[in-house]
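Trainee: Here it is: the structure, laid out below.
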Amino acid sequence: MRYFQPIIKNTGIAIALVCTLLISSCKKFTDLQPKDALPSTVTFNTAANVELAAIGIYGTAQADIFNGNEIINNEMRGEDMIASGFTPTIYVSSFITTDGTVSSAWTRLYAVINQTNTFIDGVHAALAKGILTTATAASYEGEARFMRALAHHELVINFARPYLDNSGANPGVPYRTIAVNTPAGLNAALLVDRGTVKDDYTQILADLDYAEANLSAGNPAHPISRANKGAAIALKTRIKLHMGDWQGVITEATKLGATGTSGSYTSPIGSYKLTPSPDGPFLNNSGNTESIFSIENSSSSNSGVNTALPALFGYTDGNGRGWYITSPNLYNASFWVSSDLRRKLLQIQNTSDGSPKFSFNNKYRDQANLTDWTPIIRYAEVLLNAAEAYSRNSPSDPQALSLLNAVRNRSVAAADQYTSSSFTTPNALTQAILNERRIEFTGEGLRWPDLQRLSKDQNFSAGGIPAKVSYTDVNPDGSDYDIVNRPVAPTRIAAIPYTDHRFIWPIPQTETITNPLLAKEQNPGY
């Protein structure tokens, strides 16, 4: 049974408008009280039902977008993993306004957003009726605002230019805070224009500030699968990194213990700390010390074989589909030293199926039952966010080196560890931190966010979307994975400059055909 159902489940404002006009033919989208869901008048009439509605937000996120869908999109837009035959339009940037993957990302992210908005309205109503206390209502709203901020940021990095381009003055995405569960709500939502990227970041931070102020340090029953104070702060370090607000990153990261030169870091909020081994967060991804927020999956509740990460990344000797593989671009990179344990613990090669010996990401391992949780933010990211911010403020800051080494040294041999003498140019330490991000977070959906935010960086921009290895089965092959000779694999997919319109996605046609405001605000070139 679904306990909470907004007017829009799997689509955006456009379909909602069509269905409002043609309600009998679009019943699955527009039922305000579908038969398998509790109506809103009941959902928010007891504290127990409000709790079920809160859980429903995470269920929608799990089913609709924060699973393999968003992780794969963000990896395929980069150059460190290869699409071996699935979602090639994203990998080669050949998408158009009717592209199914682009349309799905837009509509499903806004479906999550709409559910948070409807939930917030319901919580306010429950508070007014005395069903919830002020503190409990504020905590529930904090959870919803966290998810609203997370979903909006995923939209911004795909459908808008980065914050560092024109100081955020470029068109953003509609920041929707109106519940679309009535015709009046629909009409109000249609009046929300794109605003600017800066507007989006301002509202994202406002939502996260509210979440931080009103959430507890953790939910014992759901320590990493429900938003909490630590998750809100951690996400703010990511947001401020995208804004180039280095001191802001440091301020937020300090709240989570990411400061100083001790070499060992533990957060005073949530007690987050790195696992001793780099595979720790993935051996026990539902309850380790390093994961701050993840999307829960189980054998009975997961996103299915088409979007679950263990199915998509799973190597072909097992039960996985093997659609996505590690690219030689990353595997052979000179900065990924041969002694790195992540090569053995978090990568795996197929050995017995007779096909070329590709290297597969091995972070998500339960290919039979699909129980691996989807990592959204880990303490390792907070440490590296802080490391980069310190190095940006001062290229030789010892805190930057200490934070970098805290993440990296658990994986590499002593002879390969960095010291202050390892960096002889002003930008070398920052570059090493950026390189470490590529290794540490491969397969977790952070490559595109980094490419996007750095695209206007004076010193570290890739210049757009980097050149990529072909996704066909004839290239690469086993000989391209060689950390002794480190060959450069052929790049048959040309780089796309930042100035090309394809650097950002189009607003889907499903939205623009019935949303006159956004039809006028389409991204140039589409």
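Chain identifiers are assigned as A, B, and so on, following the order in which chains appear in the structure tokens; residues are numbered from 1 within each chain, and ligands are numbered from 1 in order of appearance.
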What's the 7 Å shell around stretch 243-247 of chain A, counting only C-alpha atoms, without same-chain residues fewer than 6 positions away, as a list in words?

Mentor: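 In the requested format, the answer is Tyr163, Leu164, Ala389, Arg392 and Asn393 of chain A.
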
Trainee: Would you mind exporting C-alpha atoms of the selected residues as an mmCIF file, in the first residue's frame?

Mentor:
data_model
loop_
_atom_site.group_PDB
_atom_site.id
_atom_site.type_symbol
_atom_site.label_atom_id
_atom_site.label_comp_id
_atom_site.auth_asym_id
_atom_site.auth_seq_id
_atom_site.Cartn_x
_atom_site.Cartn_y
_atom_site.Cartn_z
ATOM 1 C CA TYR A 163 27.477 28.810 -10.453
ATOM 2 C CA LEU A 164 30.987 30.020 -11.325
ATOM 3 C CA ALA A 389 38.686 24.462 0.215
ATOM 4 C CA ARG A 392 42.161 26.928 -2.592
ATOM 5 C CA ASN A 393 42.600 29.451 0.201
#

Trainee: Quick one: DSSP helix (DSSP H, G or I) residues in stretch 349-440 of chain A, as an MDAnalysis selection string?

Mentor: chainID A and resid 379:393 398:408 414:416 420:422 428:440

Trainee: Which distance in Å separates atom CA of A:Leu384 and atom CA of A:Pro268, to one decimal?

Mentor: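 Computing the Euclidean distance for atom CA of A:Leu384 and atom CA of A:Pro268 yields 17.6 Å.
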
Trainee: Under the rule that only C-alpha atoms are counted, which of A:Ile157, A:Ile96, A:Leu429, A:Ile55 is the nearest residue to A:Gly525?

Mentor: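 Result for the nearest residue to A:Gly525: A:Ile96.
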
Trainee: Counting only C-alpha atoms, what is within 12 Å of A:Trp106, bar same-chain residues fewer than 6 positions away, as a PyMOL selection string?

Mentor: chain A and resi 10-14+64-65+69-70+73+97-100+112-113+151-159+173-174+505-512

Trainee: Could you dump the residues just selected with C-alpha atoms as a short mmCIF file (atom, residue, chain, number, x, y, z; two decimals), in the first residue's frame?

Mentor:
data_model
loop_
_atom_site.label_atom_id
_atom_site.label_comp_id
_atom_site.auth_asym_id
_atom_site.auth_seq_id
_atom_site.Cartn_x
_atom_site.Cartn_y
_atom_site.Cartn_z
CA ASN A 10 6.16 10.04 -12.58
CA THR A 11 6.06 13.22 -14.55
CA GLY A 12 6.46 16.98 -14.38
CA ILE A 13 4.18 19.98 -14.59
CA ALA A 14 3.48 19.40 -18.27
CA ASP A 64 12.10 7.09 -9.14
CA ILE A 65 15.57 8.61 -9.33
CA ASN A 69 19.33 6.36 -12.65
CA GLU A 70 20.99 9.44 -11.22
CA ASN A 73 23.62 9.72 -15.54
CA THR A 97 14.34 17.49 -26.26
CA THR A 98 12.54 14.15 -26.60
CA ASP A 99 15.36 12.04 -25.14
CA GLY A 100 13.85 9.56 -22.70
CA VAL A 112 10.31 13.79 -5.55
CA ILE A 113 10.13 17.56 -5.08
CA ALA A 151 16.67 16.96 -5.86
CA HIS A 152 16.87 20.60 -6.96
CA HIS A 153 20.66 20.49 -6.98
CA GLU A 154 20.65 17.46 -9.25
CA LEU A 155 18.41 19.43 -11.62
CA VAL A 156 20.67 22.50 -11.52
CA ILE A 157 23.87 20.65 -12.40
CA ASN A 158 22.27 19.01 -15.44
CA PHE A 159 19.93 21.67 -16.82
CA VAL A 173 15.70 25.67 -12.85
CA PRO A 174 12.27 26.35 -11.35
CA TRP A 505 20.52 19.29 -21.10
CA PRO A 506 17.38 20.65 -22.76
CA ILE A 507 14.16 21.18 -20.86
CA PRO A 508 12.18 18.15 -22.05
CA GLN A 509 9.54 18.60 -24.71
CA THR A 510 7.02 16.92 -22.40
CA GLU A 511 7.37 20.00 -20.21
CA THR A 512 7.62 22.80 -22.77
#

Trainee: Might you pull out every residue within 9 Å of A:Asn214, with only C-alpha atoms counted and same-chain residues fewer than 6 positions away left off, and present them as an NGL selection string?

Mentor: :A and (135-136 or 138-143 or 228-229)

Trainee: Quick one: of A:Thr43, A:Thr134, A:Thr237, A:Ser455, who's nearest to A:Phe503, counting only C-alpha atoms?

Mentor: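 Of A:Thr43, A:Thr134, A:Thr237, A:Ser455, the one nearest A:Phe503 is A:Ser455, counting only C-alpha atoms.
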
Trainee: Find, counting only C-alpha atoms, the residue in A:Pro88, A:Pro497, A:Gly122, A:Gly478 that gets nearest to A:Val42.

Mentor: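 Of all the options, A:Gly122 lies closest to A:Val42.
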
Trainee: Record the distance separating atom CA of A:Leu191 and atom CA of A:Ile239, expressed in Å with one decimal.

Mentor: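 These atoms are spaced 26.3 Å apart.
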
Trainee: So which bits of stretch 213-445 of chain A end up strand (DSSP E or B) when you DSSP the backbone, as a PyMOL selection string?

Mentor: chain A and resi 266+273+291-295+324-326+347-349+359-361+374-378

Trainee: So, with only C-alpha atoms as the atoms that count, which of A:Leu345, A:Leu186, A:Ala144, A:Ala234 lies closest to A:Thr254?

Mentor: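 Ranking A:Leu345, A:Leu186, A:Ala144, A:Ala234 by distance to A:Thr254, first place goes to A:Ala234.
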
Trainee: Find the residues around A:Ile131 up to 12 Å (only C-alpha atoms counted), leave out those fewer than 3 positions away in its own chain, and share them as a compact mmCIF listing (two decimals) with N, CA and C atoms, in the first residue's frame.

Mentor:
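Once everything was written out, this is out.txt:
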# COMPACT_ATOMS: atom_id res chain seq x y z
N THR A 43 -4.14 10.77 5.62
CA THR A 43 -2.70 10.64 5.82
C THR A 43 -2.20 11.49 6.97
N PHE A 44 -2.69 12.71 7.08
CA PHE A 44 -2.18 13.63 8.09
C PHE A 44 -3.12 13.78 9.29
N ASN A 45 -3.94 12.77 9.53
CA ASN A 45 -4.87 12.82 10.65
C ASN A 45 -4.37 12.08 11.88
N THR A 46 -3.29 11.33 11.74
CA THR A 46 -2.68 10.68 12.91
C THR A 46 -1.17 10.80 12.78
N ALA A 47 -0.50 10.80 13.93
CA ALA A 47 0.96 10.88 13.93
C ALA A 47 1.58 9.67 13.23
N ALA A 48 0.96 8.51 13.39
CA ALA A 48 1.49 7.30 12.76
C ALA A 48 1.43 7.40 11.25
N ASN A 49 0.35 7.95 10.73
CA ASN A 49 0.24 8.09 9.28
C ASN A 49 1.18 9.15 8.73
N VAL A 50 1.44 10.20 9.50
CA VAL A 50 2.43 11.20 9.08
C VAL A 50 3.80 10.55 8.95
N GLU A 51 4.14 9.68 9.89
CA GLU A 51 5.41 8.97 9.82
C GLU A 51 5.47 8.10 8.57
N GLY A 122 0.97 19.01 4.42
CA GLY A 122 0.27 18.12 5.32
C GLY A 122 0.76 18.20 6.75
N VAL A 123 2.07 18.37 6.91
CA VAL A 123 2.64 18.52 8.25
C VAL A 123 2.14 19.80 8.89
N HIS A 124 2.09 20.88 8.11
CA HIS A 124 1.56 22.14 8.65
C HIS A 124 0.12 21.97 9.11
N ALA A 125 -0.67 21.24 8.33
CA ALA A 125 -2.06 21.01 8.71
C ALA A 125 -2.15 20.15 9.97
N ALA A 126 -1.30 19.14 10.08
CA ALA A 126 -1.30 18.29 11.26
C ALA A 126 -0.88 19.08 12.50
N LEU A 127 0.05 20.00 12.33
CA LEU A 127 0.47 20.85 13.44
C LEU A 127 -0.69 21.73 13.89
N ALA A 128 -1.40 22.30 12.94
CA ALA A 128 -2.53 23.18 13.27
C ALA A 128 -3.62 22.43 14.01
N THR A 134 5.21 21.16 17.84
CA THR A 134 5.97 22.10 17.01
C THR A 134 7.32 21.51 16.63
N ALA A 135 8.01 20.92 17.59
CA ALA A 135 9.33 20.36 17.32
C ALA A 135 9.27 19.19 16.35
N THR A 136 8.28 18.31 16.52
CA THR A 136 8.15 17.16 15.62
C THR A 136 7.80 17.61 14.21
N ALA A 137 6.90 18.57 14.09
CA ALA A 137 6.54 19.08 12.77
C ALA A 137 7.75 19.71 12.09

Trainee: Using Å and a single decimal, report how far atom CA of A:Ala253 sits from atom CA of A:Thr275.

Mentor: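 Atom CA of A:Thr275 sits 18.2 Å away from atom CA of A:Ala253.
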
Trainee: Can you tell me, as a list in words, what residues are no more than 10 Å from A:Ile269 when counting only C-alpha atoms, ignoring any on the same chain fewer than 2 positions away?

Mentor: Ser216, Ala217, Gly218, Asn228, Lys229, Gly230, Ala231, Ile233, Lys255, Leu256, Gly257, Thr266, Ser267, Ser271 and Tyr272 of chain A

Trainee: Just to be explicit: take each residue in the selection above, keep N, CA and C atoms, and write the result as a PDB file, in the first residue's frame.

Mentor:
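Saved file out.pdb follows:
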ATOM      1  N   SER A 216      17.622  16.319  14.355  1.00  0.00           N
ATOM      2  CA  SER A 216      18.509  15.811  15.396  1.00  0.00           C
ATOM      3  C   SER A 216      19.780  15.267  14.761  1.00  0.00           C
ATOM      4  N   ALA A 217      20.729  14.927  15.614  1.00  0.00           N
ATOM      5  CA  ALA A 217      22.007  14.424  15.104  1.00  0.00           C
ATOM      6  C   ALA A 217      21.865  13.059  14.446  1.00  0.00           C
ATOM      7  N   GLY A 218      20.800  12.349  14.725  1.00  0.00           N
ATOM      8  CA  GLY A 218      20.621  11.047  14.092  1.00  0.00           C
ATOM      9  C   GLY A 218      19.376  10.344  14.585  1.00  0.00           C
ATOM     10  N   ASN A 228      19.289  13.817   8.546  1.00  0.00           N
ATOM     11  CA  ASN A 228      19.547  14.286   9.896  1.00  0.00           C
ATOM     12  C   ASN A 228      20.443  15.518   9.839  1.00  0.00           C
ATOM     13  N   LYS A 229      20.802  16.035  10.998  1.00  0.00           N
ATOM     14  CA  LYS A 229      21.579  17.264  11.055  1.00  0.00           C
ATOM     15  C   LYS A 229      22.914  17.116  10.314  1.00  0.00           C
ATOM     16  N   GLY A 230      23.606  16.000  10.544  1.00  0.00           N
ATOM     17  CA  GLY A 230      24.892  15.791   9.890  1.00  0.00           C
ATOM     18  C   GLY A 230      24.777  15.739   8.384  1.00  0.00           C
ATOM     19  N   ALA A 231      23.712  15.105   7.882  1.00  0.00           N
ATOM     20  CA  ALA A 231      23.520  15.023   6.432  1.00  0.00           C
ATOM     21  C   ALA A 231      23.294  16.404   5.833  1.00  0.00           C
ATOM     22  N   ILE A 233      24.400  19.296   6.980  1.00  0.00           N
ATOM     23  CA  ILE A 233      25.676  20.013   6.983  1.00  0.00           C
ATOM     24  C   ILE A 233      26.595  19.466   5.896  1.00  0.00           C
ATOM     25  N   LYS A 255      32.146  21.923  11.420  1.00  0.00           N
ATOM     26  CA  LYS A 255      31.086  21.399  12.286  1.00  0.00           C
ATOM     27  C   LYS A 255      31.131  19.878  12.361  1.00  0.00           C
ATOM     28  N   LEU A 256      31.657  19.262  11.307  1.00  0.00           N
ATOM     29  CA  LEU A 256      31.728  17.798  11.238  1.00  0.00           C
ATOM     30  C   LEU A 256      33.144  17.296  11.515  1.00  0.00           C
ATOM     31  N   GLY A 257      33.969  18.132  12.117  1.00  0.00           N
ATOM     32  CA  GLY A 257      35.289  17.683  12.560  1.00  0.00           C
ATOM     33  C   GLY A 257      36.349  17.653  11.501  1.00  0.00           C
ATOM     34  N   THR A 266      37.066  12.653  13.333  1.00  0.00           N
ATOM     35  CA  THR A 266      35.782  12.125  13.769  1.00  0.00           C
ATOM     36  C   THR A 266      34.825  13.290  13.956  1.00  0.00           C
ATOM     37  N   SER A 267      33.624  13.163  13.445  1.00  0.00           N
ATOM     38  CA  SER A 267      32.655  14.250  13.538  1.00  0.00           C
ATOM     39  C   SER A 267      32.027  14.284  14.930  1.00  0.00           C
ATOM     40  N   SER A 271      29.135  11.262  14.919  1.00  0.00           N
ATOM     41  CA  SER A 271      30.300  10.392  15.136  1.00  0.00           C
ATOM     42  C   SER A 271      30.811   9.761  13.844  1.00  0.00           C
ATOM     43  N   TYR A 272      30.698  10.471  12.737  1.00  0.00           N
ATOM     44  CA  TYR A 272      31.191   9.942  11.465  1.00  0.00           C
ATOM     45  C   TYR A 272      32.711   9.861  11.494  1.00  0.00           C
TER      46      TYR A 272
END

Trainee: Need the shell around stretch 368-371 of chain A: protein/DNA/RNA residues with any atom at most 9 Å away, counting only C-alpha atoms. Skip same-chain ones fewer than 2 positions apart. Format as a ChimeraX atom specification?

Mentor: /A:296-305,308-311,318-320,364-366,373

Trainee: Those residues you just picked out, can you put them in a file as a short mmCIF file (atom, residue, chain, number, x, y, z; two decimals), in the first residue's frame with N, CA and C atoms?

Mentor:
data_model
loop_
_atom_site.label_atom_id
_atom_site.label_comp_id
_atom_site.auth_asym_id
_atom_site.auth_seq_id
_atom_site.Cartn_x
_atom_site.Cartn_y
_atom_site.Cartn_z
N GLU A 296 18.03 3.57 1.07
CA GLU A 296 17.91 2.18 1.50
C GLU A 296 17.35 1.29 0.40
N ASN A 297 17.90 0.09 0.29
CA ASN A 297 17.35 -0.96 -0.57
C ASN A 297 17.33 -2.26 0.20
N SER A 298 16.43 -3.15 -0.18
CA SER A 298 16.36 -4.48 0.43
C SER A 298 15.95 -5.46 -0.66
N SER A 299 15.94 -6.73 -0.32
CA SER A 299 15.56 -7.73 -1.31
C SER A 299 14.11 -7.59 -1.74
N SER A 300 13.28 -7.03 -0.86
CA SER A 300 11.86 -6.87 -1.19
C SER A 300 11.51 -5.46 -1.65
N SER A 301 12.44 -4.53 -1.52
CA SER A 301 12.19 -3.15 -1.91
C SER A 301 13.46 -2.55 -2.49
N ASN A 302 13.51 -2.54 -3.81
CA ASN A 302 14.65 -1.96 -4.52
C ASN A 302 14.17 -1.44 -5.86
N SER A 303 15.05 -0.82 -6.60
CA SER A 303 14.62 -0.18 -7.84
C SER A 303 14.56 -1.12 -9.03
N GLY A 304 14.93 -2.39 -8.86
CA GLY A 304 14.78 -3.36 -9.93
C GLY A 304 16.03 -3.50 -10.78
N VAL A 305 16.06 -4.54 -11.59
CA VAL A 305 17.27 -4.89 -12.34
C VAL A 305 17.65 -3.84 -13.39
N ALA A 308 18.99 -0.80 -10.56
CA ALA A 308 19.75 -1.07 -9.34
C ALA A 308 21.24 -1.13 -9.66
N LEU A 309 22.04 -0.52 -8.83
CA LEU A 309 23.47 -0.40 -9.10
C LEU A 309 24.18 -1.74 -9.20
N PRO A 310 23.92 -2.71 -8.33
CA PRO A 310 24.64 -3.99 -8.49
C PRO A 310 24.31 -4.70 -9.79
N ALA A 311 23.12 -4.51 -10.30
CA ALA A 311 22.77 -5.12 -11.59
C ALA A 311 23.47 -4.41 -12.74
N GLY A 318 29.24 -12.78 -12.95
CA GLY A 318 28.23 -12.96 -11.92
C GLY A 318 26.84 -12.81 -12.48
N ASN A 319 25.94 -12.27 -11.66
CA ASN A 319 24.56 -12.11 -12.08
C ASN A 319 24.28 -10.73 -12.65
N GLY A 320 25.28 -9.85 -12.65
CA GLY A 320 25.08 -8.50 -13.13
C GLY A 320 25.02 -8.42 -14.64
N TYR A 364 29.14 -2.36 -5.53
CA TYR A 364 27.77 -2.84 -5.31
C TYR A 364 27.74 -4.31 -5.70
N ARG A 365 27.58 -5.19 -4.72
CA ARG A 365 27.94 -6.59 -4.93
C ARG A 365 26.80 -7.59 -4.90
N ASP A 366 25.67 -7.18 -4.36
CA ASP A 366 24.57 -8.15 -4.23
C ASP A 366 23.75 -8.15 -5.52
N TRP A 373 22.76 -0.47 -0.70
CA TRP A 373 22.20 0.87 -0.55
C TRP A 373 22.91 1.84 -1.49
#
